[in-house]
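File shown: run_35.pdb (PDB, C-alpha atoms and all ligand atoms).
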MODEL        1
ATOM      1  CA  MET A   1     107.316 110.719  81.650
ATOM      2  CA  THR A   2     109.389 113.651  80.415
ATOM      3  CA  ALA A   3     108.526 116.941  82.011
ATOM      4  CA  GLN A   4     107.445 120.122  80.333
ATOM      5  CA  VAL A   5     110.056 122.770  81.173
ATOM      6  CA  ILE A   6     108.628 125.989  82.613
ATOM      7  CA  TYR A   7     110.785 128.902  81.488
ATOM      8  CA  GLY A   8     110.416 131.851  83.839
ATOM      9  CA  THR A   9     112.063 133.975  81.170
ATOM     10  CA  GLU A  10     109.023 133.495  78.876
ATOM     11  CA  ILE A  11     106.415 134.195  81.568
ATOM     12  CA  ALA A  12     108.453 137.171  82.798
ATOM     13  CA  GLU A  13     108.523 138.581  79.277
ATOM     14  CA  GLN A  14     104.721 138.335  78.968
ATOM     15  CA  LEU A  15     104.165 139.930  82.364
ATOM     16  CA  ARG A  16     106.641 142.736  81.659
ATOM     17  CA  ALA A  17     104.914 143.527  78.355
ATOM     18  CA  GLU A  18     101.610 143.823  80.276
ATOM     19  CA  MET A  19     103.269 146.015  82.910
ATOM     20  CA  LYS A  20     104.804 148.277  80.267
ATOM     21  CA  GLN A  21     101.319 148.993  78.944
ATOM     22  CA  GLU A  22     100.020 149.639  82.437
ATOM     23  CA  VAL A  23     102.869 152.066  83.181
ATOM     24  CA  GLU A  24     102.201 153.901  79.896
ATOM     25  CA  GLY A  25      98.605 154.359  81.079
ATOM     26  CA  LEU A  26      99.766 155.633  84.469
ATOM     27  CA  LYS A  27     102.171 158.098  82.856
ATOM     28  CA  LYS A  28      99.252 159.601  80.919
ATOM     29  CA  GLN A  29      97.774 160.383  84.339
ATOM     30  CA  GLY A  30     101.046 161.975  85.477
ATOM     31  CA  ILE A  31     102.101 159.010  87.629
ATOM     32  CA  ILE A  32     105.635 157.629  87.267
ATOM     33  CA  PRO A  33     106.285 154.573  89.469
ATOM     34  CA  GLY A  34     109.597 155.034  91.291
ATOM     35  CA  LEU A  35     111.880 152.373  92.769
ATOM     36  CA  THR A  36     115.066 152.981  94.764
ATOM     37  CA  VAL A  37     117.472 150.100  95.310
ATOM     38  CA  VAL A  38     120.125 150.372  98.018
ATOM     39  CA  LEU A  39     123.216 148.213  97.553
ATOM     40  CA  ILE A  40     125.921 147.926 100.185
ATOM     41  CA  GLY A  41     129.318 146.375  99.552
ATOM     42  CA  ASP A  42     130.853 144.647  96.586
ATOM     43  CA  ASP A  43     129.335 141.173  96.398
ATOM     44  CA  PRO A  44     129.442 140.402  92.630
ATOM     45  CA  ALA A  45     126.165 138.433  92.631
ATOM     46  CA  SER A  46     124.303 141.278  94.390
ATOM     47  CA  HIS A  47     125.721 143.789  91.891
ATOM     48  CA  SER A  48     124.532 141.594  89.048
ATOM     49  CA  TYR A  49     120.996 141.189  90.511
ATOM     50  CA  VAL A  50     120.706 144.934  91.091
ATOM     51  CA  LYS A  51     121.800 145.608  87.520
ATOM     52  CA  GLY A  52     119.043 143.227  86.394
ATOM     53  CA  LYS A  53     116.516 145.166  88.483
ATOM     54  CA  GLN A  54     117.591 148.490  86.936
ATOM     55  CA  LYS A  55     117.417 147.082  83.409
ATOM     56  CA  ALA A  56     113.986 145.513  83.956
ATOM     57  CA  SER A  57     112.652 148.746  85.505
ATOM     58  CA  ASP A  58     113.817 150.733  82.463
ATOM     59  CA  GLN A  59     112.175 148.142  80.197
ATOM     60  CA  VAL A  60     108.712 148.732  81.686
ATOM     61  CA  GLY A  61     109.117 152.483  82.289
ATOM     62  CA  ILE A  62     109.642 152.464  86.064
ATOM     63  CA  ASN A  63     111.909 155.266  87.268
ATOM     64  CA  SER A  64     114.681 153.434  89.095
ATOM     65  CA  ASP A  65     117.455 154.863  91.238
ATOM     66  CA  LEU A  66     120.420 153.045  92.679
ATOM     67  CA  ILE A  67     122.239 154.067  95.850
ATOM     68  CA  THR A  68     125.560 152.219  96.182
ATOM     69  CA  LEU A  69     127.303 152.350  99.531
ATOM     70  CA  PRO A  70     130.658 151.010 100.755
ATOM     71  CA  THR A  71     130.843 147.953 103.044
ATOM     72  CA  SER A  72     132.008 150.305 105.826
ATOM     73  CA  THR A  73     128.562 152.034 105.909
ATOM     74  CA  THR A  74     127.182 151.964 109.454
ATOM     75  CA  GLU A  75     123.711 150.746 110.345
ATOM     76  CA  GLN A  76     122.798 154.279 111.442
ATOM     77  CA  GLU A  77     123.914 155.770 108.117
ATOM     78  CA  LEU A  78     121.768 153.252 106.282
ATOM     79  CA  LEU A  79     118.762 153.961 108.528
ATOM     80  CA  THR A  80     119.127 157.704 107.827
ATOM     81  CA  ILE A  81     119.035 157.023 104.071
ATOM     82  CA  ILE A  82     115.966 154.799 104.444
ATOM     83  CA  ASP A  83     114.241 157.494 106.482
ATOM     84  CA  LYS A  84     114.806 160.017 103.662
ATOM     85  CA  LEU A  85     113.444 157.565 101.090
ATOM     86  CA  ASN A  86     110.403 156.910 103.302
ATOM     87  CA  GLN A  87     109.636 160.671 103.135
ATOM     88  CA  ASP A  88     110.260 161.038  99.373
ATOM     89  CA  GLU A  89     106.947 161.130  97.486
ATOM     90  CA  LYS A  90     108.592 160.179  94.188
ATOM     91  CA  VAL A  91     109.796 156.888  95.682
ATOM     92  CA  HIS A  92     107.049 154.249  95.731
ATOM     93  CA  GLY A  93     109.302 151.263  96.350
ATOM     94  CA  ILE A  94     112.409 150.843  98.514
ATOM     95  CA  LEU A  95     114.558 147.727  98.274
ATOM     96  CA  VAL A  96     117.714 147.040 100.265
ATOM     97  CA  GLN A  97     119.623 144.291  98.509
ATOM     98  CA  LEU A  98     120.408 141.297 100.735
ATOM     99  CA  PRO A  99     122.639 139.937 102.133
ATOM    100  CA  LEU A 100     123.948 142.873 104.178
ATOM    101  CA  PRO A 101     127.434 143.102 105.703
ATOM    102  CA  ASP A 102     127.632 141.307 109.081
ATOM    103  CA  HIS A 103     127.745 144.517 111.139
ATOM    104  CA  ILE A 104     124.298 145.620 109.903
ATOM    105  CA  GLN A 105     121.248 143.898 111.402
ATOM    106  CA  GLU A 106     119.013 142.765 108.568
ATOM    107  CA  GLN A 107     115.811 142.784 110.601
ATOM    108  CA  VAL A 108     116.385 146.341 111.900
ATOM    109  CA  VAL A 109     116.813 147.549 108.321
ATOM    110  CA  ILE A 110     113.758 145.679 107.030
ATOM    111  CA  GLU A 111     111.603 147.124 109.802
ATOM    112  CA  ALA A 112     112.850 150.677 109.077
ATOM    113  CA  ILE A 113     111.277 150.644 105.604
ATOM    114  CA  ASP A 114     107.781 152.137 105.426
ATOM    115  CA  PRO A 115     105.514 149.042 104.968
ATOM    116  CA  ALA A 116     103.682 151.006 102.225
ATOM    117  CA  LYS A 117     106.983 151.125 100.240
ATOM    118  CA  ASP A 118     108.222 147.638 101.164
ATOM    119  CA  VAL A 119     108.128 146.194  97.643
ATOM    120  CA  ASP A 120     110.216 143.229  98.833
ATOM    121  CA  GLY A 121     107.323 142.207 101.110
ATOM    122  CA  PHE A 122     109.708 141.474 103.995
ATOM    123  CA  HIS A 123     108.338 143.906 106.622
ATOM    124  CA  PRO A 124     106.562 142.083 109.508
ATOM    125  CA  ILE A 125     103.384 144.072 108.784
ATOM    126  CA  ASN A 126     103.300 142.795 105.213
ATOM    127  CA  ILE A 127     104.192 139.257 106.288
ATOM    128  CA  GLY A 128     101.377 139.406 108.855
ATOM    129  CA  ARG A 129      98.936 140.607 106.220
ATOM    130  CA  MET A 130     100.013 137.751 103.939
ATOM    131  CA  ILE A 131      99.469 135.213 106.735
ATOM    132  CA  ALA A 132      96.047 136.710 107.393
ATOM    133  CA  GLY A 133      95.203 136.197 103.711
ATOM    134  CA  LYS A 134      94.978 139.947 103.037
ATOM    135  CA  ASP A 135      96.130 141.794  99.943
ATOM    136  CA  THR A 136      99.645 143.204 100.412
ATOM    137  CA  PHE A 137     103.133 143.134  98.888
ATOM    138  CA  PHE A 138     104.115 139.470  98.670
ATOM    139  CA  PRO A 139     107.827 138.519  98.694
ATOM    140  CA  CYS A 140     108.965 138.503  95.077
ATOM    141  CA  THR A 141     110.373 134.977  94.605
ATOM    142  CA  PRO A 142     107.403 133.179  96.267
ATOM    143  CA  PHE A 143     104.951 135.444  94.436
ATOM    144  CA  GLY A 144     106.758 134.686  91.159
ATOM    145  CA  ILE A 145     106.449 130.949  91.797
ATOM    146  CA  ILE A 146     102.673 131.223  92.320
ATOM    147  CA  GLN A 147     102.389 133.271  89.116
ATOM    148  CA  MET A 148     104.351 130.624  87.193
ATOM    149  CA  LEU A 149     101.995 127.877  88.407
ATOM    150  CA  LYS A 150      98.927 129.960  87.565
ATOM    151  CA  ARG A 151     100.158 130.975  84.111
ATOM    152  CA  LYS A 152     100.732 127.272  83.346
ATOM    153  CA  ASN A 153      97.212 126.424  84.646
ATOM    154  CA  ILE A 154      98.683 124.095  87.266
ATOM    155  CA  GLU A 155      96.093 123.421  89.935
ATOM    156  CA  ILE A 156      97.214 124.230  93.480
ATOM    157  CA  GLU A 157      94.024 123.706  95.480
ATOM    158  CA  GLY A 158      93.952 120.398  97.340
ATOM    159  CA  LYS A 159      97.451 119.406  96.183
ATOM    160  CA  ASN A 160     100.202 118.143  98.472
ATOM    161  CA  ALA A 161     102.813 120.896  98.345
ATOM    162  CA  VAL A 162     106.166 120.168  99.945
ATOM    163  CA  VAL A 163     108.594 123.038 100.540
ATOM    164  CA  VAL A 164     112.209 122.047 101.142
ATOM    165  CA  GLY A 165     113.880 124.992 102.930
ATOM    166  CA  ARG A 166     112.584 127.482 105.464
ATOM    167  CA  SER A 167     114.302 130.808 104.713
ATOM    168  CA  ASN A 168     112.418 134.038 105.406
ATOM    169  CA  ILE A 169     112.854 135.127 101.776
ATOM    170  CA  VAL A 170     111.614 131.992 100.014
ATOM    171  CA  GLY A 171     110.753 128.839 101.982
ATOM    172  CA  LYS A 172     108.441 130.195 104.659
ATOM    173  CA  PRO A 173     106.510 132.658 102.454
ATOM    174  CA  VAL A 174     106.089 130.296  99.494
ATOM    175  CA  GLY A 175     104.532 127.736 101.852
ATOM    176  CA  GLN A 176     102.173 130.414 103.140
ATOM    177  CA  LEU A 177     101.155 131.530  99.633
ATOM    178  CA  LEU A 178     100.508 127.898  98.652
ATOM    179  CA  LEU A 179      98.389 127.507 101.790
ATOM    180  CA  ASN A 180      96.486 130.675 100.819
ATOM    181  CA  GLU A 181      95.755 128.896  97.514
ATOM    182  CA  ASN A 182      94.361 125.927  99.500
ATOM    183  CA  ALA A 183      97.252 123.497  99.073
ATOM    184  CA  THR A 184      98.137 121.094 101.888
ATOM    185  CA  VAL A 185     101.605 122.313 102.823
ATOM    186  CA  THR A 186     104.514 120.454 104.442
ATOM    187  CA  TYR A 187     107.863 122.083 105.236
ATOM    188  CA  CYS A 188     111.087 120.050 105.202
ATOM    189  CA  HIS A 189     114.340 121.458 106.583
ATOM    190  CA  SER A 190     117.781 120.498 107.877
ATOM    191  CA  ARG A 191     116.313 118.664 110.905
ATOM    192  CA  THR A 192     113.671 116.730 108.945
ATOM    193  CA  LYS A 193     114.057 112.989 109.402
ATOM    194  CA  ASP A 194     113.639 110.807 106.304
ATOM    195  CA  MET A 195     113.033 113.729 103.947
ATOM    196  CA  GLN A 196     112.414 111.452 100.975
ATOM    197  CA  LYS A 197     109.257 110.137 102.681
ATOM    198  CA  PHE A 198     107.827 113.669 102.291
ATOM    199  CA  THR A 199     109.295 114.697  98.934
ATOM    200  CA  LYS A 200     107.996 111.504  97.295
ATOM    201  CA  GLU A 201     104.455 112.442  98.363
ATOM    202  CA  ALA A 202     104.653 115.938  96.814
ATOM    203  CA  ASP A 203     102.370 116.896  93.945
ATOM    204  CA  ILE A 204     104.124 120.264  93.970
ATOM    205  CA  LEU A 205     107.723 120.251  95.185
ATOM    206  CA  ILE A 206     109.501 123.557  95.884
ATOM    207  CA  VAL A 207     113.203 123.251  96.591
ATOM    208  CA  ALA A 208     115.019 126.244  98.094
ATOM    209  CA  VAL A 209     118.034 125.121 100.092
ATOM    210  CA  GLY A 210     120.960 126.536  98.095
ATOM    211  CA  LYS A 211     122.742 123.185  97.731
ATOM    212  CA  GLN A 212     123.691 121.909  94.325
ATOM    213  CA  HIS A 213     121.720 118.781  93.332
ATOM    214  CA  PHE A 214     120.253 118.365  96.815
ATOM    215  CA  LEU A 215     117.427 116.258  95.332
ATOM    216  CA  THR A 216     117.429 113.901  92.354
ATOM    217  CA  GLY A 217     114.792 112.040  90.348
ATOM    218  CA  GLU A 218     114.774 109.358  93.061
ATOM    219  CA  ASP A 219     113.268 111.822  95.548
ATOM    220  CA  ILE A 220     110.409 112.835  93.267
ATOM    221  CA  LYS A 221     106.963 111.361  92.688
ATOM    222  CA  GLU A 222     106.036 110.434  89.108
ATOM    223  CA  GLY A 223     104.156 113.417  87.634
ATOM    224  CA  ALA A 224     105.169 115.957  90.294
ATOM    225  CA  VAL A 225     105.564 119.660  89.539
ATOM    226  CA  VAL A 226     109.129 120.582  90.511
ATOM    227  CA  ILE A 227     110.100 124.197  91.193
ATOM    228  CA  ASP A 228     113.828 124.665  91.694
ATOM    229  CA  VAL A 229     114.726 127.907  93.468
ATOM    230  CA  GLY A 230     118.433 127.158  93.963
ATOM    231  CA  VAL A 231     121.019 129.297  92.184
ATOM    232  CA  ASN A 232     124.362 127.595  92.824
ATOM    233  CA  ARG A 233     127.573 128.513  91.046
ATOM    234  CA  MET A 234     129.652 125.487  90.070
ATOM    235  CA  ASP A 235     133.453 125.354  89.871
ATOM    236  CA  ASN A 236     133.261 125.813  86.087
ATOM    237  CA  GLY A 237     131.381 129.096  86.645
ATOM    238  CA  LYS A 238     128.022 127.748  85.395
ATOM    239  CA  LEU A 239     124.820 127.965  87.428
ATOM    240  CA  THR A 240     122.914 124.943  88.633
ATOM    241  CA  GLY A 241     119.863 124.335  90.796
ATOM    242  CA  ASP A 242     119.093 122.425  93.982
ATOM    243  CA  VAL A 243     117.582 119.628  91.873
ATOM    244  CA  GLU A 244     119.472 117.347  89.499
ATOM    245  CA  PHE A 245     117.636 118.442  86.365
ATOM    246  CA  GLU A 246     118.314 115.496  84.064
ATOM    247  CA  SER A 247     117.041 112.755  86.418
ATOM    248  CA  ALA A 248     114.174 114.882  87.804
ATOM    249  CA  LYS A 249     112.963 115.751  84.295
ATOM    250  CA  GLU A 250     112.265 112.061  83.646
ATOM    251  CA  LYS A 251     109.892 111.837  86.650
ATOM    252  CA  ALA A 252     108.220 115.260  86.802
ATOM    253  CA  SER A 253     105.284 116.552  84.764
ATOM    254  CA  TYR A 254     106.628 120.133  84.936
ATOM    255  CA  ILE A 255     110.040 121.386  86.022
ATOM    256  CA  THR A 256     111.800 124.755  86.180
ATOM    257  CA  PRO A 257     115.391 125.021  84.924
ATOM    258  CA  VAL A 258     118.280 126.941  86.482
ATOM    259  CA  PRO A 259     119.062 129.449  85.065
ATOM    260  CA  LYS A 260     115.971 130.873  83.267
ATOM    261  CA  GLY A 261     113.441 129.435  85.722
ATOM    262  CA  VAL A 262     112.377 131.125  88.931
ATOM    263  CA  GLY A 263     115.130 133.831  88.942
ATOM    264  CA  PRO A 264     113.657 136.105  86.232
ATOM    265  CA  MET A 265     110.263 135.963  87.996
ATOM    266  CA  THR A 266     111.794 137.468  91.177
ATOM    267  CA  ILE A 267     112.671 140.689  89.381
ATOM    268  CA  THR A 268     109.356 140.732  87.523
ATOM    269  CA  MET A 269     107.305 140.583  90.716
ATOM    270  CA  LEU A 270     109.394 143.433  92.125
ATOM    271  CA  LEU A 271     108.223 145.547  89.177
ATOM    272  CA  HIS A 272     104.649 144.426  89.859
ATOM    273  CA  ASN A 273     104.905 145.457  93.516
ATOM    274  CA  THR A 274     106.388 148.854  92.592
ATOM    275  CA  ILE A 275     103.548 149.595  90.178
ATOM    276  CA  LYS A 276     101.024 148.416  92.791
ATOM    277  CA  SER A 277     102.595 150.773  95.356
ATOM    278  CA  ALA A 278     102.486 153.753  92.971
ATOM    279  CA  LYS A 279      98.809 153.068  92.207
ATOM    280  CA  LYS A 280      97.956 152.751  95.882
ATOM    281  CA  PHE A 281      99.791 156.006  96.699
ATOM    282  CA  HIS A 282      97.703 157.793  94.057
ATOM    283  CA  GLN A 283      94.528 156.029  95.302
ATOM    284  CA  LEU A 284      94.006 154.068  92.093
TER     285      LEU A 284
HETATM  286  N1  LIG B 301     116.235 142.540  98.901
HETATM  287  C1  LIG B 301     116.331 141.332  98.308
HETATM  288  N2  LIG B 301     117.503 140.688  98.307
HETATM  289  C2  LIG B 301     117.583 139.462  97.709
HETATM  290  C3  LIG B 301     116.450 138.900  97.066
HETATM  291  C4  LIG B 301     115.231 139.598  97.108
HETATM  292  O1  LIG B 301     114.168 139.136  96.598
HETATM  293  N3  LIG B 301     115.220 140.819  97.723
HETATM  294  N4  LIG B 301     116.568 137.700  96.359
HETATM  295  C5  LIG B 301     117.879 137.141  96.087
HETATM  296  C6  LIG B 301     118.596 137.629  94.854
HETATM  297  N5  LIG B 301     117.776 138.096  93.735
HETATM  298  C7  LIG B 301     117.165 139.279  93.821
HETATM  299  O2  LIG B 301     117.506 140.155  94.538
HETATM  300  C8  LIG B 301     117.777 137.396  92.488
HETATM  301  C9  LIG B 301     118.337 136.149  92.334
HETATM  302  C10 LIG B 301     118.390 135.535  91.075
HETATM  303  C11 LIG B 301     117.884 136.168  89.949
HETATM  304  C12 LIG B 301     117.994 135.612  88.583
HETATM  305  O3  LIG B 301     117.401 136.144  87.678
HETATM  306  N6  LIG B 301     118.757 134.557  88.376
HETATM  307  C13 LIG B 301     119.011 134.068  87.053
HETATM  308  C14 LIG B 301     120.496 133.792  86.887
HETATM  309  C15 LIG B 301     121.312 135.017  87.068
HETATM  310  C16 LIG B 301     122.795 134.791  86.843
HETATM  311  O4  LIG B 301     123.167 134.471  85.723
HETATM  312  O5  LIG B 301     123.563 134.970  87.807
HETATM  313  C17 LIG B 301     118.245 132.787  86.784
HETATM  314  O6  LIG B 301     117.956 132.057  87.754
HETATM  315  O7  LIG B 301     117.959 132.554  85.628
HETATM  316  C18 LIG B 301     117.313 137.410  90.120
HETATM  317  C19 LIG B 301     117.263 138.004  91.361
HETATM  318  C20 LIG B 301     118.819 137.427  97.272
HETATM  319  N7  LIG B 301     118.745 138.790  97.684
ENDMDL
END
Would it be possible to restate this file's structure as structure tokens?
Ligand SMILES: Nc1nc2c(c(=O)[nH]1)N[C@@H](CN(C=O)c1ccc(C(=O)N[C@@H](CCC(=O)O)C(=O)O)cc1)CN2
Amino acid sequence: MTAQVIYGTEIAEQLRAEMKQEVEGLKKQGIIPGLTVVLIGDDPASHSYVKGKQKASDQVGINSDLITLPTSTTEQELLTIIDKLNQDEKVHGILVQLPLPDHIQEQVVIEAIDPAKDVDGFHPINIGRMIAGKDTFFPCTPFGIIQMLKRKNIEIEGKNAVVVGRSNIVGKPVGQLLLNENATVTYCHSRTKDMQKFTKEADILIVAVGKQHFLTGEDIKEGAVVIDVGVNRMDNGKLTGDVEFESAKEKASYITPVPKGVGPMTITMLLHNTIKSAKKFHQL
């Protein structure tokens, strides 16, 4: 079997075209969705992701602002900025780009953002609502993965979904969203014994460990749907995923590439959450 490649770029383009229309409609009612991104330090990858967020916001008509701060910014200075953004009625979404410098506690910052403006879906209130199966802001990468599966008409209900990785940003929430869609979910992580026993049983395999070619075709069941969340930079400067694409493609029924797979969906779902927040603020 040779897999069908799922390009997130194509799905993202469709979704963004739909969002652009929605924003045009909102603007006619005097509503301009507003997103503020806060970026601390000079990590080149973070700068590039934030640039992508600004560009995508402009594309759909979201008013986006960027606050760039030096690495020396204190936690208190950052909290003061977040407090101001929480009060600003023009700002519907606040996103603090991660990772943060070591001297700033990530969880303190996440919890300082008003849950109603937490378009990253990382605030414990929004995570709790997601676990309870309520409507809320879902974390962007996991939400993007679910949208990719749905847009490709891939059935989730009743399937064995195996998530390799248990980060707060991707692994844990994507497992929860798959469970909400009635999949049978198994998490594998660094302490899992005989991981292949689990990955080979997966109908849907999500890999988010951040290790180049962590899994190969040998770890995959014939016909599995393989979603590769890894973005690893190789010595030659090129990007590669957590899954060895060439061997996995011969076993899977569907597979996402890196780049152009899950990554573009992350930014797209951020736009979705910002529009959702603006609508909710204006009671639409
Ligand atoms: N506050 C947040 N911080 C971080 C998040 C997040 O969701 N919220 N996720 C990641 C980084 N990220 C978005 O912020 C992100 C990662 C990758 C991509 C992407 O489009 N990747 C492209 C390749 C890009 C390249 O060439 O370098 C792809 O896979 O095709 C977008 C966003 C950590 N921080």
Enumerate as a PDB file with C-alpha atoms, keeping the file's coordinate frame the residues within 7 Å of ligand LIG 301 (chain B), counting all atoms listed in the file.
ATOM      1  CA  ALA A  45     126.165 138.433  92.631  1.00  0.00           C
ATOM      2  CA  SER A  46     124.303 141.278  94.390  1.00  0.00           C
ATOM      3  CA  SER A  48     124.532 141.594  89.048  1.00  0.00           C
ATOM      4  CA  TYR A  49     120.996 141.189  90.511  1.00  0.00           C
ATOM      5  CA  VAL A  50     120.706 144.934  91.091  1.00  0.00           C
ATOM      6  CA  LEU A  95     114.558 147.727  98.274  1.00  0.00           C
ATOM      7  CA  VAL A  96     117.714 147.040 100.265  1.00  0.00           C
ATOM      8  CA  GLN A  97     119.623 144.291  98.509  1.00  0.00           C
ATOM      9  CA  LEU A  98     120.408 141.297 100.735  1.00  0.00           C
ATOM     10  CA  PRO A  99     122.639 139.937 102.133  1.00  0.00           C
ATOM     11  CA  ASP A 120     110.216 143.229  98.833  1.00  0.00           C
ATOM     12  CA  PRO A 139     107.827 138.519  98.694  1.00  0.00           C
ATOM     13  CA  CYS A 140     108.965 138.503  95.077  1.00  0.00           C
ATOM     14  CA  THR A 141     110.373 134.977  94.605  1.00  0.00           C
ATOM     15  CA  ILE A 169     112.854 135.127 101.776  1.00  0.00           C
ATOM     16  CA  VAL A 231     121.019 129.297  92.184  1.00  0.00           C
ATOM     17  CA  LEU A 239     124.820 127.965  87.428  1.00  0.00           C
ATOM     18  CA  VAL A 258     118.280 126.941  86.482  1.00  0.00           C
ATOM     19  CA  PRO A 259     119.062 129.449  85.065  1.00  0.00           C
ATOM     20  CA  LYS A 260     115.971 130.873  83.267  1.00  0.00           C
ATOM     21  CA  GLY A 261     113.441 129.435  85.722  1.00  0.00           C
ATOM     22  CA  VAL A 262     112.377 131.125  88.931  1.00  0.00           C
ATOM     23  CA  GLY A 263     115.130 133.831  88.942  1.00  0.00           C
ATOM     24  CA  PRO A 264     113.657 136.105  86.232  1.00  0.00           C
ATOM     25  CA  THR A 266     111.794 137.468  91.177  1.00  0.00           C
ATOM     26  CA  ILE A 267     112.671 140.689  89.381  1.00  0.00           C
TER      27      ILE A 267
END
Nearest-residue call for Val164 of chain A, choices A:Lys150, A:Lys28, A:Lys200, A:Arg129, using all atoms listed in the file: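 Once distances to Val164 of chain A are computed over all atoms listed in the file, the minimum belongs to A:Lys200.
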Distance query Gln21 of chain A at most 12 Å, all atoms listed in the file, self and fewer than 5 positions along chain excluded, as a PyMOL selection string: chain A and resi 14-16+26-28+59-62+275
Atom CA of Met1 of chain A to atom CA of Glu218 of chain A, distance in Å rounded to a single decimal: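 Those two atoms sit 13.7 Å apart.
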Long-range neighbours of segment 176-181 of chain A as a ChimeraX atom specification, 12 Å cut-off, all atoms listed in the file, 2 positions minimum in chain: /A:127-147,149-150,154-163,166,168-174,183-187,204-206
Minimum-distance residue to His123 of chain A, chosen among A:Ser277, A:Gln107, A:Thr73, A:Gln54 (using only C-alpha atoms):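 Using only C-alpha atoms, His123 of chain A sits closest to A:Gln107.
Nearest to Thr199 of chain A of all the residues A:Lys221, A:Lys20, A:Lys211, A:His92 is A:Lys221, counting all atoms listed in the file.
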Cut-off 10 Å around (127.1, 120.1, 92.6) with only C-alpha atoms: residues as a PDB file with C-alpha atoms, in the coordinates of the input:
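The result, written out as out-v2.pdb:
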ATOM      1  CA  LYS A 211     122.742 123.185  97.731  1.00  0.00           C
ATOM      2  CA  GLN A 212     123.691 121.909  94.325  1.00  0.00           C
ATOM      3  CA  HIS A 213     121.720 118.781  93.332  1.00  0.00           C
ATOM      4  CA  PHE A 214     120.253 118.365  96.815  1.00  0.00           C
ATOM      5  CA  ASN A 232     124.362 127.595  92.824  1.00  0.00           C
ATOM      6  CA  ARG A 233     127.573 128.513  91.046  1.00  0.00           C
ATOM      7  CA  MET A 234     129.652 125.487  90.070  1.00  0.00           C
ATOM      8  CA  ASP A 235     133.453 125.354  89.871  1.00  0.00           C
ATOM      9  CA  LEU A 239     124.820 127.965  87.428  1.00  0.00           C
ATOM     10  CA  THR A 240     122.914 124.943  88.633  1.00  0.00           C
ATOM     11  CA  GLY A 241     119.863 124.335  90.796  1.00  0.00           C
ATOM     12  CA  ASP A 242     119.093 122.425  93.982  1.00  0.00           C
ATOM     13  CA  VAL A 243     117.582 119.628  91.873  1.00  0.00           C
ATOM     14  CA  GLU A 244     119.472 117.347  89.499  1.00  0.00           C
TER      15      GLU A 244
END
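For the pair atom CA of Ile40 of chain A and atom CA of Leu69 of chain A, the separation is 4.7 Å.
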Starting from 3 Å padding per side, set up an axis-aligned box that covers all listed atoms of segment 242-249 of chain A and hand over centre and edge lengths in Å, one decimal, as JSON.
{"center_x": 116.2, "center_y": 117.6, "center_z": 89.0, "size_x": 12.5, "size_y": 15.7, "size_z": 15.9}
Point-to-point distance in Å for atom CA of Asp88 of chain A and atom CA of Ile110 of chain A: 17.5 Å
Selected residue, from A:His103, A:Lys117, A:His189, A:Lys197, that lies nearest to Ile82 of chain A when counting only C-alpha atoms: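 Checking each of A:His103, A:Lys117, A:His189, A:Lys197 against Ile82 of chain A, counting only C-alpha atoms, the winner is A:Lys117.
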7 Å contact set for segment 83-87 of chain A, only C-alpha atoms, chain neighbours under 3 positions out, as number ranges by chain: A: 79-80, 91, 113-114
For Ile94 of chain A, please output as a PDB file with C-alpha atoms, in the coordinates of the input all residues within 6 Å (counting all atoms listed in the file; exclusion window: fewer than 2 positions along the same chain).
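Final output, saved to out_9.pdb:
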ATOM      1  CA  LEU A  35     111.880 152.373  92.769  1.00  0.00           C
ATOM      2  CA  THR A  36     115.066 152.981  94.764  1.00  0.00           C
ATOM      3  CA  LYS A 117     106.983 151.125 100.240  1.00  0.00           C
ATOM      4  CA  ASP A 118     108.222 147.638 101.164  1.00  0.00           C
TER       5      ASP A 118
END
Selection result for the PyMOL selection byres (((chain A and resi 68) around 9) and not hetatm) on this file, as a list of chain:residue names: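 The output of the PyMOL selection byres (((chain A and resi 68) around 9) and not hetatm) on this file is A:Val37, A:Val38, A:Leu39, A:Ile40, A:Gly41, A:Leu66, A:Ile67, A:Leu69, A:Pro70.
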Output segment 26-33 of chain A as a tab-separated table (two decimals), keeping the file's coordinate frame, making sure N, CA and C atoms are there.
chain	number	residue	atom	x	y	z
A	26	LEU	N	99.56	154.83	83.25
A	26	LEU	CA	99.77	155.63	84.47
A	26	LEU	C	100.45	156.96	84.13
A	27	LYS	N	101.42	156.89	83.22
A	27	LYS	CA	102.17	158.10	82.86
A	27	LYS	C	101.25	159.15	82.24
A	28	LYS	N	100.23	158.67	81.52
A	28	LYS	CA	99.25	159.60	80.92
A	28	LYS	C	98.49	160.35	82.01
A	29	GLN	N	98.45	159.73	83.20
A	29	GLN	CA	97.77	160.38	84.34
A	29	GLN	C	98.78	161.13	85.22
A	30	GLY	N	100.01	161.24	84.73
A	30	GLY	CA	101.05	161.98	85.48
A	30	GLY	C	101.70	161.17	86.59
A	31	ILE	N	101.53	159.85	86.57
A	31	ILE	CA	102.10	159.01	87.63
A	31	ILE	C	103.29	158.21	87.07
A	32	ILE	N	104.45	158.40	87.68
A	32	ILE	CA	105.64	157.63	87.27
A	32	ILE	C	106.07	156.77	88.45
A	33	PRO	N	105.86	155.43	88.36
A	33	PRO	CA	106.28	154.57	89.47
A	33	PRO	C	107.79	154.70	89.71
